[in-house]
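Peer 1: This is run00.txt (compact mmCIF, C-alpha atoms).
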# COMPACT_ATOMS: atom_id res chain seq x y z
CA MET X 180 345.42 -41.93 -135.59
CA THR X 181 347.91 -44.21 -133.94
CA ALA X 182 348.45 -44.02 -130.19
CA THR X 183 352.22 -44.27 -130.70
CA ARG X 184 354.09 -41.32 -129.20
CA THR X 185 354.85 -38.73 -131.88
CA ASP X 186 357.77 -36.31 -131.88
CA VAL X 187 356.05 -33.74 -134.12
CA LEU X 188 352.49 -33.55 -135.46
CA ALA X 189 352.10 -30.98 -138.24
CA LEU X 190 348.97 -29.24 -139.50
CA GLY X 191 349.35 -27.78 -142.97
CA ASN X 192 348.39 -27.50 -146.61
CA ALA X 193 348.44 -30.81 -148.49
CA ILE X 194 349.65 -29.85 -151.97
CA VAL X 195 350.87 -32.20 -154.68
CA ASP X 196 353.77 -30.84 -156.76
CA VAL X 197 353.61 -31.96 -160.38
CA PHE X 198 356.89 -31.32 -162.23
CA ALA X 199 357.05 -31.54 -166.03
CA SER X 200 359.50 -30.34 -168.67
CA ALA X 201 358.33 -28.22 -171.58
CA GLU X 202 359.67 -25.95 -174.30
CA GLU X 203 359.20 -22.18 -174.24
CA ASP X 204 356.35 -22.35 -176.75
CA PHE X 205 354.28 -24.37 -174.26
CA LEU X 206 354.29 -21.36 -171.92
CA VAL X 207 353.28 -19.04 -174.75
CA LYS X 208 350.53 -21.35 -176.00
CA HIS X 209 348.94 -21.66 -172.56
CA GLU X 210 349.52 -18.04 -171.51
CA LEU X 211 351.84 -18.89 -168.60
CA THR X 212 354.06 -16.18 -167.13
CA LYS X 213 357.56 -17.60 -167.10
CA GLY X 214 359.18 -17.79 -163.67
CA ALA X 215 356.05 -16.67 -161.82
CA MET X 216 353.62 -18.41 -159.44
CA MET X 217 349.96 -18.02 -160.34
CA LEU X 218 346.88 -19.18 -158.43
CA ILE X 219 344.49 -21.03 -160.73
CA ASP X 220 340.98 -22.54 -160.49
CA GLU X 221 340.04 -26.20 -160.81
CA PRO X 222 339.03 -26.19 -164.51
CA ARG X 223 342.37 -24.65 -165.48
CA ALA X 224 344.19 -27.09 -163.19
CA GLU X 225 342.50 -30.03 -164.94
CA MET X 226 343.32 -28.53 -168.34
CA LEU X 227 347.01 -28.08 -167.53
CA TYR X 228 347.25 -31.57 -166.09
CA GLY X 229 345.79 -32.93 -169.32
CA VAL X 230 348.18 -31.13 -171.67
CA MET X 231 351.39 -31.43 -169.64
CA GLY X 232 353.98 -33.98 -170.62
CA PRO X 233 355.05 -36.89 -168.37
CA GLY X 234 355.27 -35.55 -164.84
CA LYS X 235 357.10 -36.26 -161.63
CA ILE X 236 354.56 -36.16 -158.82
CA VAL X 237 355.75 -35.48 -155.26
CA SER X 238 353.67 -34.55 -152.24
CA GLY X 239 354.56 -31.09 -151.03
CA GLY X 240 353.29 -28.35 -148.75
CA SER X 241 355.49 -26.53 -146.24
CA ALA X 242 354.62 -28.38 -143.03
CA ALA X 243 354.51 -31.74 -144.81
CA ASN X 244 358.00 -31.10 -146.17
CA THR X 245 359.15 -30.47 -142.60
CA ILE X 246 357.64 -33.74 -141.38
CA ALA X 247 359.24 -35.60 -144.29
CA GLY X 248 362.59 -34.17 -143.21
CA LEU X 249 361.97 -35.12 -139.59
CA ALA X 250 361.25 -38.70 -140.68
CA SER X 251 364.49 -38.76 -142.68
CA PHE X 252 366.36 -37.90 -139.47
CA GLY X 253 364.68 -40.87 -137.81
CA GLY X 254 362.03 -38.85 -135.99
CA ASN X 255 358.45 -40.03 -135.49
CA GLY X 256 356.18 -37.65 -137.37
CA ALA X 257 352.50 -37.28 -138.17
CA PHE X 258 350.53 -34.95 -140.44
CA ILE X 259 347.02 -33.50 -140.51
CA GLY X 260 345.99 -32.03 -143.84
CA LYS X 261 343.11 -32.25 -146.30
CA VAL X 262 343.10 -34.05 -149.62
CA LYS X 263 340.19 -35.28 -151.74
CA GLN X 264 339.53 -38.94 -152.42
CA ASP X 265 340.93 -38.66 -155.95
CA GLU X 266 344.01 -39.90 -157.81
CA LEU X 267 346.36 -37.19 -156.55
CA GLY X 268 344.96 -37.43 -153.04
CA LYS X 269 345.78 -41.13 -152.95
CA LEU X 270 349.26 -40.46 -154.31
CA TYR X 271 349.80 -37.77 -151.71
CA ARG X 272 348.83 -40.08 -148.86
CA HIS X 273 351.04 -42.89 -150.18
CA ASP X 274 354.01 -40.53 -150.61
CA LEU X 275 353.89 -39.41 -146.99
CA THR X 276 353.06 -42.73 -145.37
CA SER X 277 355.82 -44.47 -147.33
CA LEU X 278 358.25 -42.28 -145.38
CA GLY X 279 356.84 -43.61 -142.12
CA VAL X 280 354.73 -40.51 -141.46
CA ALA X 281 351.28 -41.10 -139.93
CA PHE X 282 348.67 -39.40 -142.13
CA GLU X 283 345.17 -40.52 -141.29
CA THR X 284 343.09 -37.39 -141.90
CA ALA X 285 339.93 -38.46 -143.72
CA ALA X 286 339.89 -37.52 -147.39
CA ALA X 287 337.03 -35.35 -148.65
CA SER X 288 334.51 -37.35 -150.70
CA GLU X 289 333.14 -34.26 -152.41
CA GLY X 290 334.03 -30.66 -153.06
CA PRO X 291 337.27 -29.27 -154.55
CA ALA X 292 339.96 -31.62 -155.84
CA THR X 293 343.26 -32.27 -154.09
CA ALA X 294 345.48 -29.18 -154.21
CA ARG X 295 348.25 -29.25 -156.73
CA SER X 296 350.99 -27.01 -158.04
CA PHE X 297 351.94 -27.54 -161.67
CA ILE X 298 355.61 -26.72 -162.07
CA ILE X 299 356.74 -26.36 -165.67
CA VAL X 300 360.52 -26.55 -166.09
CA THR X 301 361.90 -25.04 -169.30
CA PRO X 302 365.28 -26.04 -170.81
CA ASP X 303 367.03 -23.14 -169.05
CA GLY X 304 366.00 -24.58 -165.66
CA GLU X 305 363.46 -21.83 -164.92
CA ARG X 306 360.35 -22.98 -163.05
CA THR X 307 356.88 -21.63 -163.78
CA MET X 308 354.30 -22.54 -161.10
CA ASN X 309 350.51 -22.71 -161.31
CA THR X 310 348.87 -23.54 -157.98
CA TYR X 311 345.33 -24.72 -157.29
CA LEU X 312 344.63 -24.71 -153.52
CA GLY X 313 341.56 -26.91 -153.71
CA ALA X 314 340.78 -29.38 -150.94
CA CYS X 315 343.60 -28.37 -148.60
CA GLN X 316 341.67 -25.27 -147.56
CA GLY X 317 338.83 -27.45 -146.29
CA LEU X 318 340.56 -28.45 -143.06
CA THR X 319 338.24 -28.06 -140.05
CA VAL X 320 338.11 -28.69 -136.32
CA ASP X 321 336.63 -32.13 -137.04
CA ASP X 322 339.90 -33.14 -138.72
CA VAL X 323 341.89 -32.57 -135.53
CA ASP X 324 342.21 -35.96 -133.83
CA PRO X 325 342.46 -35.29 -130.07
CA LYS X 326 344.47 -38.46 -129.40
CA ALA X 327 346.95 -37.61 -132.14
CA VAL X 328 347.49 -34.14 -130.69
CA GLN X 329 347.79 -35.40 -127.13
CA ASN X 330 350.38 -37.98 -128.19
CA ALA X 331 352.66 -35.37 -129.80
CA ASP X 332 355.59 -33.70 -128.08
CA ILE X 333 355.30 -30.71 -130.45
CA VAL X 334 352.37 -29.63 -132.63
CA TYR X 335 353.65 -27.67 -135.63
CA LEU X 336 351.32 -25.18 -137.37
CA GLU X 337 351.81 -23.86 -140.92
CA GLY X 338 351.17 -20.12 -141.25
CA TYR X 339 350.06 -20.51 -144.87
CA LEU X 340 346.95 -22.30 -143.58
CA TRP X 341 345.90 -19.33 -141.44
CA ASP X 342 343.81 -17.95 -144.33
CA PRO X 343 340.67 -20.15 -144.08
CA PRO X 344 338.64 -19.33 -140.91
CA ALA X 345 337.86 -23.02 -140.28
CA ALA X 346 341.56 -23.84 -140.29
CA LYS X 347 342.18 -21.16 -137.66
CA ASP X 348 339.68 -22.89 -135.42
CA ALA X 349 341.45 -26.19 -136.06
CA PHE X 350 344.77 -24.60 -135.07
CA ARG X 351 343.34 -23.19 -131.86
CA LYS X 352 341.79 -26.52 -130.94
CA ALA X 353 345.08 -28.32 -131.57
CA SER X 354 346.93 -25.79 -129.42
CA GLU X 355 344.49 -26.16 -126.52
CA LEU X 356 344.66 -29.96 -126.65
CA ALA X 357 348.44 -29.96 -126.88
CA HIS X 358 348.92 -27.67 -123.91
CA ALA X 359 346.38 -29.57 -121.82
CA ALA X 360 348.44 -32.72 -122.44
CA GLY X 361 351.73 -31.01 -121.55
CA GLY X 362 352.93 -30.62 -125.13
CA ARG X 363 354.39 -27.64 -126.95
CA VAL X 364 353.08 -25.75 -129.98
CA ALA X 365 355.19 -24.28 -132.77
CA ILE X 366 354.25 -22.10 -135.74
CA THR X 367 356.08 -21.18 -138.91
CA LEU X 368 355.20 -17.71 -140.18
CA SER X 369 355.55 -19.09 -143.74
CA ASP X 370 355.81 -15.89 -145.79
CA SER X 371 356.22 -12.15 -145.24
CA PHE X 372 353.00 -11.49 -147.21
CA CYS X 373 351.23 -13.92 -144.90
CA VAL X 374 352.59 -11.94 -141.94
CA ASP X 375 351.40 -8.70 -143.51
CA ARG X 376 347.86 -10.08 -143.65
CA TYR X 377 347.79 -11.50 -140.13
CA ARG X 378 350.38 -9.54 -138.16
CA ASP X 379 348.15 -8.73 -135.21
CA GLU X 380 346.82 -12.29 -135.03
CA PHE X 381 350.30 -13.83 -135.18
CA LEU X 382 351.52 -11.50 -132.45
CA ALA X 383 348.50 -12.45 -130.35
CA LEU X 384 349.32 -16.15 -130.79
CA ILE X 385 352.79 -15.43 -129.41
CA ARG X 386 351.76 -13.12 -126.59
CA ASN X 387 348.87 -15.18 -125.28
CA ARG X 388 351.05 -18.31 -125.51
CA THR X 389 348.88 -20.13 -128.01
CA VAL X 390 352.28 -21.00 -129.47
CA ASP X 391 355.54 -21.70 -127.62
CA ILE X 392 358.02 -21.84 -130.52
CA VAL X 393 358.24 -19.58 -133.58
CA PHE X 394 359.99 -20.25 -136.88
CA ALA X 395 360.63 -17.30 -139.19
CA ASN X 396 363.08 -16.04 -141.74
CA GLU X 397 364.62 -12.58 -141.61
CA HIS X 398 362.00 -11.01 -143.91
CA GLU X 399 359.09 -12.46 -141.96
CA LEU X 400 360.53 -11.23 -138.68
CA LYS X 401 360.96 -7.70 -140.03
CA SER X 402 357.40 -7.79 -141.31
CA LEU X 403 356.11 -9.02 -137.95
CA TYR X 404 357.59 -6.02 -136.13
CA GLN X 405 357.27 -3.56 -139.03
CA THR X 406 360.90 -2.57 -139.20
CA ALA X 407 363.58 -2.64 -141.89
CA ASP X 408 366.28 -3.22 -139.27
CA PHE X 409 366.95 -6.84 -138.32
CA ASP X 410 368.51 -6.02 -134.95
CA THR X 411 365.42 -4.02 -133.97
CA ALA X 412 363.16 -6.91 -134.97
CA LEU X 413 365.37 -9.33 -133.04
CA SER X 414 365.18 -7.13 -129.95
CA TRP X 415 361.39 -7.19 -130.12
CA LEU X 416 361.42 -10.95 -130.54
CA ARG X 417 363.66 -11.38 -127.50
CA SER X 418 361.26 -9.29 -125.45
CA GLU X 419 358.52 -11.88 -126.11
CA ASN X 420 360.44 -14.31 -123.87
CA ILE X 421 359.75 -17.20 -126.23
CA VAL X 422 361.77 -19.83 -128.10
CA ALA X 423 362.32 -18.93 -131.75
CA ALA X 424 364.47 -20.01 -134.68
CA VAL X 425 365.28 -17.42 -137.35
CA THR X 426 366.93 -18.20 -140.69
CA ARG X 427 368.96 -15.58 -142.56
CA SER X 428 369.87 -17.30 -145.85
CA GLU X 429 373.64 -17.13 -146.39
CA LYS X 430 374.08 -15.43 -142.99
CA GLY X 431 373.09 -18.64 -141.20
CA ALA X 432 370.50 -18.99 -138.48
CA LEU X 433 369.98 -18.14 -134.85
CA ALA X 434 367.92 -19.37 -131.96
CA VAL X 435 366.31 -17.09 -129.40
CA THR X 436 365.55 -18.45 -125.95
CA PRO X 437 364.83 -16.78 -122.61
CA ASP X 438 368.53 -17.40 -121.86
CA GLY X 439 369.83 -15.49 -124.87
CA VAL X 440 370.71 -15.81 -128.56
CA VAL X 441 372.75 -18.57 -130.20
CA ALA X 442 373.94 -18.19 -133.80
CA GLU X 443 375.26 -20.76 -136.26
CA PRO X 444 376.61 -20.33 -139.82
CA VAL X 445 375.20 -22.07 -142.88
CA PHE X 446 376.37 -25.58 -143.67
CA PRO X 447 378.70 -25.54 -146.69
CA VAL X 448 377.14 -26.47 -150.04
CA GLU X 449 378.92 -26.64 -153.39
CA ARG X 450 376.13 -25.04 -155.40
CA VAL X 451 372.63 -23.75 -154.69
CA VAL X 452 370.37 -25.44 -157.24
CA ASP X 453 366.92 -24.72 -155.83
CA ALA X 454 366.18 -22.85 -152.60
CA THR X 455 362.65 -24.26 -152.40
CA GLY X 456 362.10 -26.01 -149.09
CA ALA X 457 365.18 -24.61 -147.33
CA GLY X 458 363.16 -23.17 -144.46
CA ASP X 459 360.98 -26.27 -144.24
CA LEU X 460 363.98 -28.57 -143.92
CA PHE X 461 365.74 -26.25 -141.49
CA ALA X 462 362.66 -26.55 -139.28
CA ALA X 463 362.85 -30.35 -139.65
CA GLY X 464 366.39 -30.46 -138.30
CA PHE X 465 365.72 -27.99 -135.51
CA LEU X 466 362.57 -29.81 -134.40
CA PHE X 467 364.36 -33.15 -134.50
CA GLY X 468 367.04 -31.68 -132.28
CA LEU X 469 364.51 -30.30 -129.79
CA THR X 470 362.46 -33.49 -129.58
CA SER X 471 365.53 -35.70 -129.20
CA GLY X 472 366.83 -33.69 -126.25
CA ARG X 473 369.70 -31.90 -127.96
CA GLU X 474 371.09 -28.49 -127.10
CA VAL X 475 369.88 -25.47 -129.07
CA ARG X 476 373.22 -25.07 -130.89
CA ASP X 477 373.14 -28.70 -132.04
CA SER X 478 369.53 -28.25 -133.19
CA LEU X 479 370.63 -25.25 -135.27
CA ARG X 480 373.38 -27.34 -136.84
CA LEU X 481 370.97 -30.11 -137.74
CA GLY X 482 368.67 -27.52 -139.32
CA ALA X 483 371.54 -26.03 -141.31
CA LEU X 484 372.57 -29.48 -142.53
CA ALA X 485 369.07 -30.35 -143.73
CA ALA X 486 368.66 -26.98 -145.46
CA ALA X 487 372.00 -27.42 -147.24
CA GLU X 488 370.96 -30.84 -148.53
CA VAL X 489 367.63 -29.70 -149.96
CA ILE X 490 369.01 -26.62 -151.77
CA SER X 491 371.60 -28.78 -153.54
CA HIS X 492 368.95 -30.33 -155.83
CA VAL X 493 365.55 -29.62 -157.37
CA GLY X 494 362.60 -30.32 -155.06
CA ALA X 495 361.62 -29.63 -151.46
CA ARG X 496 362.22 -33.08 -149.97
CA PRO X 497 365.59 -34.64 -149.02
CA GLU X 498 367.11 -37.01 -151.55
CA VAL X 499 369.50 -38.66 -149.10
CA ASN X 500 368.93 -40.11 -145.65
CA LEU X 501 369.42 -37.18 -143.27
CA LYS X 502 370.18 -39.46 -140.32
CA VAL X 503 373.10 -40.98 -142.22
CA LEU X 504 374.21 -37.56 -143.50
CA ALA X 505 374.15 -36.12 -139.97
CA GLY X 506 376.08 -39.11 -138.65
CA ASN X 507 378.72 -38.73 -141.36
CA ASN X 508 379.15 -35.09 -140.32
CA GLY X 509 379.46 -35.85 -136.61
CA LEU X 510 376.08 -34.36 -135.67
CA LEU X 511 374.40 -37.57 -134.49
Represent the supplied structure as structure tokens.

Peer 2:
Amino acid sequence: MTATRTDVLALGNAIVDVFASAEEDFLVKHELTKGAMMLIDEPRAEMLYGVMGPGKIVSGGSAANTIAGLASFGGNGAFIGKVKQDELGKLYRHDLTSLGVAFETAAASEGPATARSFIIVTPDGERTMNTYLGACQGLTVDDVDPKAVQNADIVYLEGYLWDPPAAKDAFRKASELAHAAGGRVAITLSDSFCVDRYRDEFLALIRNRTVDIVFANEHELKSLYQTADFDTALSWLRSENIVAAVTRSEKGALAVTPDGVVAEPVFPVERVVDATGAGDLFAAGFLFGLTSGREVRDSLRLGALAAAEVISHVGARPEVNLKVLAGNNGLL
């Protein structure tokens, strides 16, 4: 990887989103559950790809979406994730690097194909997702470039990738290298079901300071502390004496620091079209604020702005330049 100083280096799942339109009978013919997300194997993934109509292919994955948003703000981002040396893997790499994101993780020459999520959109706008995790779960310690980690101000870890044991080792190595170089480590808890599976491990990451910054939504935070009451969960989080950003959908977001709690409302949006990627893009704005030396409140505002942009259209990547958008709204 490049020796250029990086604002944020993310480790996460490299998943290609393949969007295609289809009539209702396509779902029936291929036994797809409308509106649901199903995990599928490689043969079924290849079959669906072959029978789908013309598709729009966009690189996705939670942490990669965040880095794409950071780049749109003008930040210097890098990504570590695993693809295979196949057609979609090449497309994925091009899609990220064309944004100015450094992505130099070696592609797998054998084994499972590049991960992809086939998203079938029916005329009513409903999305039916079929996800093959494939190569992205093959990330190992060997994929963690020490120089890349040492050159990053913040290393950002995707909770979804905590499932494969080898990826956990990669996360721990990245954290050790980052801290040894004076950097900070952030984690997004990703999903409340993910927290349910790894609650004790996530809490250990916080309490032993493997991570310095936590991103979570309200549901994930409640799951982490096993309570239905948000204020109780927030109190527990404050007791960790750590920096955290918590999103609460229409209730806005708040930041927790050792100095206290700062809250900000959502950024106005005319219509919510697709909430996919809202948390990822919020993290992009917040991380850009932190790495560019802005106050916590301003970082929250940048996160809210980015989240508002991405929920105003289909897809989990910004469609306008976030740096320009922030400037037009007096945030930069």

Peer 1: Please return as a PyMOL selection string every residue within 8 Å of (364.3, -27.8, -171.8), taking into account only C-alpha atoms and the file's own coordinates.

Peer 2: chain X and resi 200-203+300-304

Peer 1: Tell me, as a count of residues only, which residues lie within 10 Å of Tyr377 (chain X), counting all atoms listed in the file; anything in the same chain fewer than 2 positions away does not count.

Peer 2: 15

Peer 1: Rounded to one decimal place, report the CA of Ala286 (chain X)-CA of Ala360 (chain X) distance in Å.

Peer 2: 26.8 Å

Peer 1: Grab the CA of Phe461 (chain X) to CA of Ser491 (chain X) distance for me, in Å with one decimal place.

Peer 2: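 Separation between CA of Phe461 (chain X) and CA of Ser491 (chain X): 13.6 Å.
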
Peer 1: If we count all atoms listed in the file and set the cut-off at 7 Å, which residues sit around Leu336 (chain X), ignoring sequence neighbours fewer than 2 positions away in its own chain? Please answer as a list in words.

Peer 2: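 Those residues are Ala189, Leu190, Gly191, Val334, Gly338, Phe350, Ala365, Ile366 and Thr367 of chain X.
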
Peer 1: Write out, as a PDB file, in the coordinates of the input, the residues just selected, with C-alpha atoms.

Peer 2:
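Contents of the output file again-v4.pdb:
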ATOM      1  CA  ALA X 189     352.100 -30.980-138.240  1.00  0.00           C
ATOM      2  CA  LEU X 190     348.970 -29.240-139.500  1.00  0.00           C
ATOM      3  CA  GLY X 191     349.350 -27.780-142.970  1.00  0.00           C
ATOM      4  CA  VAL X 334     352.370 -29.630-132.630  1.00  0.00           C
ATOM      5  CA  GLY X 338     351.170 -20.120-141.250  1.00  0.00           C
ATOM      6  CA  PHE X 350     344.770 -24.600-135.070  1.00  0.00           C
ATOM      7  CA  ALA X 365     355.190 -24.280-132.770  1.00  0.00           C
ATOM      8  CA  ILE X 366     354.250 -22.100-135.740  1.00  0.00           C
ATOM      9  CA  THR X 367     356.080 -21.180-138.910  1.00  0.00           C
TER      10      THR X 367
END

Peer 1: So how many Å separate CA of Ala224 (chain X) and CA of Asp459 (chain X), to one decimal?

Peer 2: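 Going from CA of Ala224 (chain X) over to CA of Asp459 (chain X), I get 25.3 Å.
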
Peer 1: Place a sphere of radius 12 Å on (348.0, -35.9, -142.1) in the file coordinates and name every protein, DNA or RNA residue with an atom inside or on its surface, counting only C-alpha atoms; give the answer as a compact mmCIF listing (two decimals) with C-alpha atoms, in the frame of the given file.

Peer 2:
# COMPACT_ATOMS: atom_id res chain seq x y z
CA MET X 180 345.42 -41.93 -135.59
CA THR X 181 347.91 -44.21 -133.94
CA VAL X 187 356.05 -33.74 -134.12
CA LEU X 188 352.49 -33.55 -135.46
CA ALA X 189 352.10 -30.98 -138.24
CA LEU X 190 348.97 -29.24 -139.50
CA GLY X 191 349.35 -27.78 -142.97
CA ASN X 192 348.39 -27.50 -146.61
CA ALA X 193 348.44 -30.81 -148.49
CA ILE X 194 349.65 -29.85 -151.97
CA SER X 238 353.67 -34.55 -152.24
CA GLY X 240 353.29 -28.35 -148.75
CA ALA X 242 354.62 -28.38 -143.03
CA ALA X 243 354.51 -31.74 -144.81
CA ASN X 244 358.00 -31.10 -146.17
CA ILE X 246 357.64 -33.74 -141.38
CA ALA X 247 359.24 -35.60 -144.29
CA GLY X 256 356.18 -37.65 -137.37
CA ALA X 257 352.50 -37.28 -138.17
CA PHE X 258 350.53 -34.95 -140.44
CA ILE X 259 347.02 -33.50 -140.51
CA GLY X 260 345.99 -32.03 -143.84
CA LYS X 261 343.11 -32.25 -146.30
CA VAL X 262 343.10 -34.05 -149.62
CA GLY X 268 344.96 -37.43 -153.04
CA TYR X 271 349.80 -37.77 -151.71
CA ARG X 272 348.83 -40.08 -148.86
CA HIS X 273 351.04 -42.89 -150.18
CA ASP X 274 354.01 -40.53 -150.61
CA LEU X 275 353.89 -39.41 -146.99
CA THR X 276 353.06 -42.73 -145.37
CA GLY X 279 356.84 -43.61 -142.12
CA VAL X 280 354.73 -40.51 -141.46
CA ALA X 281 351.28 -41.10 -139.93
CA PHE X 282 348.67 -39.40 -142.13
CA GLU X 283 345.17 -40.52 -141.29
CA THR X 284 343.09 -37.39 -141.90
CA ALA X 285 339.93 -38.46 -143.72
CA ALA X 286 339.89 -37.52 -147.39
CA CYS X 315 343.60 -28.37 -148.60
CA LEU X 318 340.56 -28.45 -143.06
CA ASP X 322 339.90 -33.14 -138.72
CA VAL X 323 341.89 -32.57 -135.53
CA ASP X 324 342.21 -35.96 -133.83
CA ALA X 327 346.95 -37.61 -132.14
CA VAL X 328 347.49 -34.14 -130.69
CA TYR X 335 353.65 -27.67 -135.63

Peer 1: Would you mind completing region 411-423 of chain X to N, CA, C and O atoms and writing the output as a PDB file, in the frame of the given file?

Peer 2:
ATOM      1  N   THR X 411     366.604  -4.530-134.671  1.00  0.00           N
ATOM      2  CA  THR X 411     365.420  -4.020-133.970  1.00  0.00           C
ATOM      3  C   THR X 411     364.358  -5.109-133.863  1.00  0.00           C
ATOM      4  O   THR X 411     363.762  -5.311-132.803  1.00  0.00           O
ATOM      5  N   ALA X 412     364.142  -5.819-134.975  1.00  0.00           N
ATOM      6  CA  ALA X 412     363.160  -6.910-134.970  1.00  0.00           C
ATOM      7  C   ALA X 412     363.578  -7.996-133.978  1.00  0.00           C
ATOM      8  O   ALA X 412     362.748  -8.531-133.236  1.00  0.00           O
ATOM      9  N   LEU X 413     364.875  -8.301-133.958  1.00  0.00           N
ATOM     10  CA  LEU X 413     365.370  -9.330-133.040  1.00  0.00           C
ATOM     11  C   LEU X 413     365.175  -8.914-131.588  1.00  0.00           C
ATOM     12  O   LEU X 413     364.824  -9.730-130.730  1.00  0.00           O
ATOM     13  N   SER X 414     365.374  -7.643-131.313  1.00  0.00           N
ATOM     14  CA  SER X 414     365.180  -7.130-129.950  1.00  0.00           C
ATOM     15  C   SER X 414     363.726  -7.298-129.514  1.00  0.00           C
ATOM     16  O   SER X 414     363.446  -7.701-128.375  1.00  0.00           O
ATOM     17  N   TRP X 415     362.810  -6.998-130.423  1.00  0.00           N
ATOM     18  CA  TRP X 415     361.390  -7.190-130.120  1.00  0.00           C
ATOM     19  C   TRP X 415     361.081  -8.657-129.854  1.00  0.00           C
ATOM     20  O   TRP X 415     360.348  -9.010-128.930  1.00  0.00           O
ATOM     21  N   LEU X 416     361.654  -9.516-130.699  1.00  0.00           N
ATOM     22  CA  LEU X 416     361.420 -10.950-130.540  1.00  0.00           C
ATOM     23  C   LEU X 416     361.933 -11.444-129.183  1.00  0.00           C
ATOM     24  O   LEU X 416     361.264 -12.214-128.488  1.00  0.00           O
ATOM     25  N   ARG X 417     363.096 -10.967-128.792  1.00  0.00           N
ATOM     26  CA  ARG X 417     363.660 -11.380-127.500  1.00  0.00           C
ATOM     27  C   ARG X 417     362.771 -10.936-126.347  1.00  0.00           C
ATOM     28  O   ARG X 417     362.652 -11.632-125.330  1.00  0.00           O
ATOM     29  N   SER X 418     362.112  -9.799-126.525  1.00  0.00           N
ATOM     30  CA  SER X 418     361.260  -9.290-125.450  1.00  0.00           C
ATOM     31  C   SER X 418     360.006 -10.150-125.252  1.00  0.00           C
ATOM     32  O   SER X 418     359.346 -10.044-124.219  1.00  0.00           O
ATOM     33  N   GLU X 419     359.693 -11.006-126.236  1.00  0.00           N
ATOM     34  CA  GLU X 419     358.520 -11.880-126.110  1.00  0.00           C
ATOM     35  C   GLU X 419     358.788 -13.027-125.137  1.00  0.00           C
ATOM     36  O   GLU X 419     357.852 -13.721-124.722  1.00  0.00           O
ATOM     37  N   ASN X 420     360.064 -13.251-124.820  1.00  0.00           N
ATOM     38  CA  ASN X 420     360.440 -14.310-123.870  1.00  0.00           C
ATOM     39  C   ASN X 420     359.940 -15.676-124.341  1.00  0.00           C
ATOM     40  O   ASN X 420     359.300 -16.417-123.592  1.00  0.00           O
ATOM     41  N   ILE X 421     360.233 -15.980-125.601  1.00  0.00           N
ATOM     42  CA  ILE X 421     359.750 -17.200-126.230  1.00  0.00           C
ATOM     43  C   ILE X 421     360.910 -17.873-126.962  1.00  0.00           C
ATOM     44  O   ILE X 421     361.947 -17.237-127.208  1.00  0.00           O
ATOM     45  N   VAL X 422     360.765 -19.134-127.295  1.00  0.00           N
ATOM     46  CA  VAL X 422     361.770 -19.830-128.100  1.00  0.00           C
ATOM     47  C   VAL X 422     361.471 -19.569-129.568  1.00  0.00           C
ATOM     48  O   VAL X 422     360.319 -19.682-130.012  1.00  0.00           O
ATOM     49  N   ALA X 423     362.503 -19.200-130.333  1.00  0.00           N
ATOM     50  CA  ALA X 423     362.320 -18.930-131.750  1.00  0.00           C
ATOM     51  C   ALA X 423     363.566 -19.334-132.521  1.00  0.00           C
ATOM     52  O   ALA X 423     364.683 -19.302-131.993  1.00  0.00           O
TER      53      ALA X 423
END
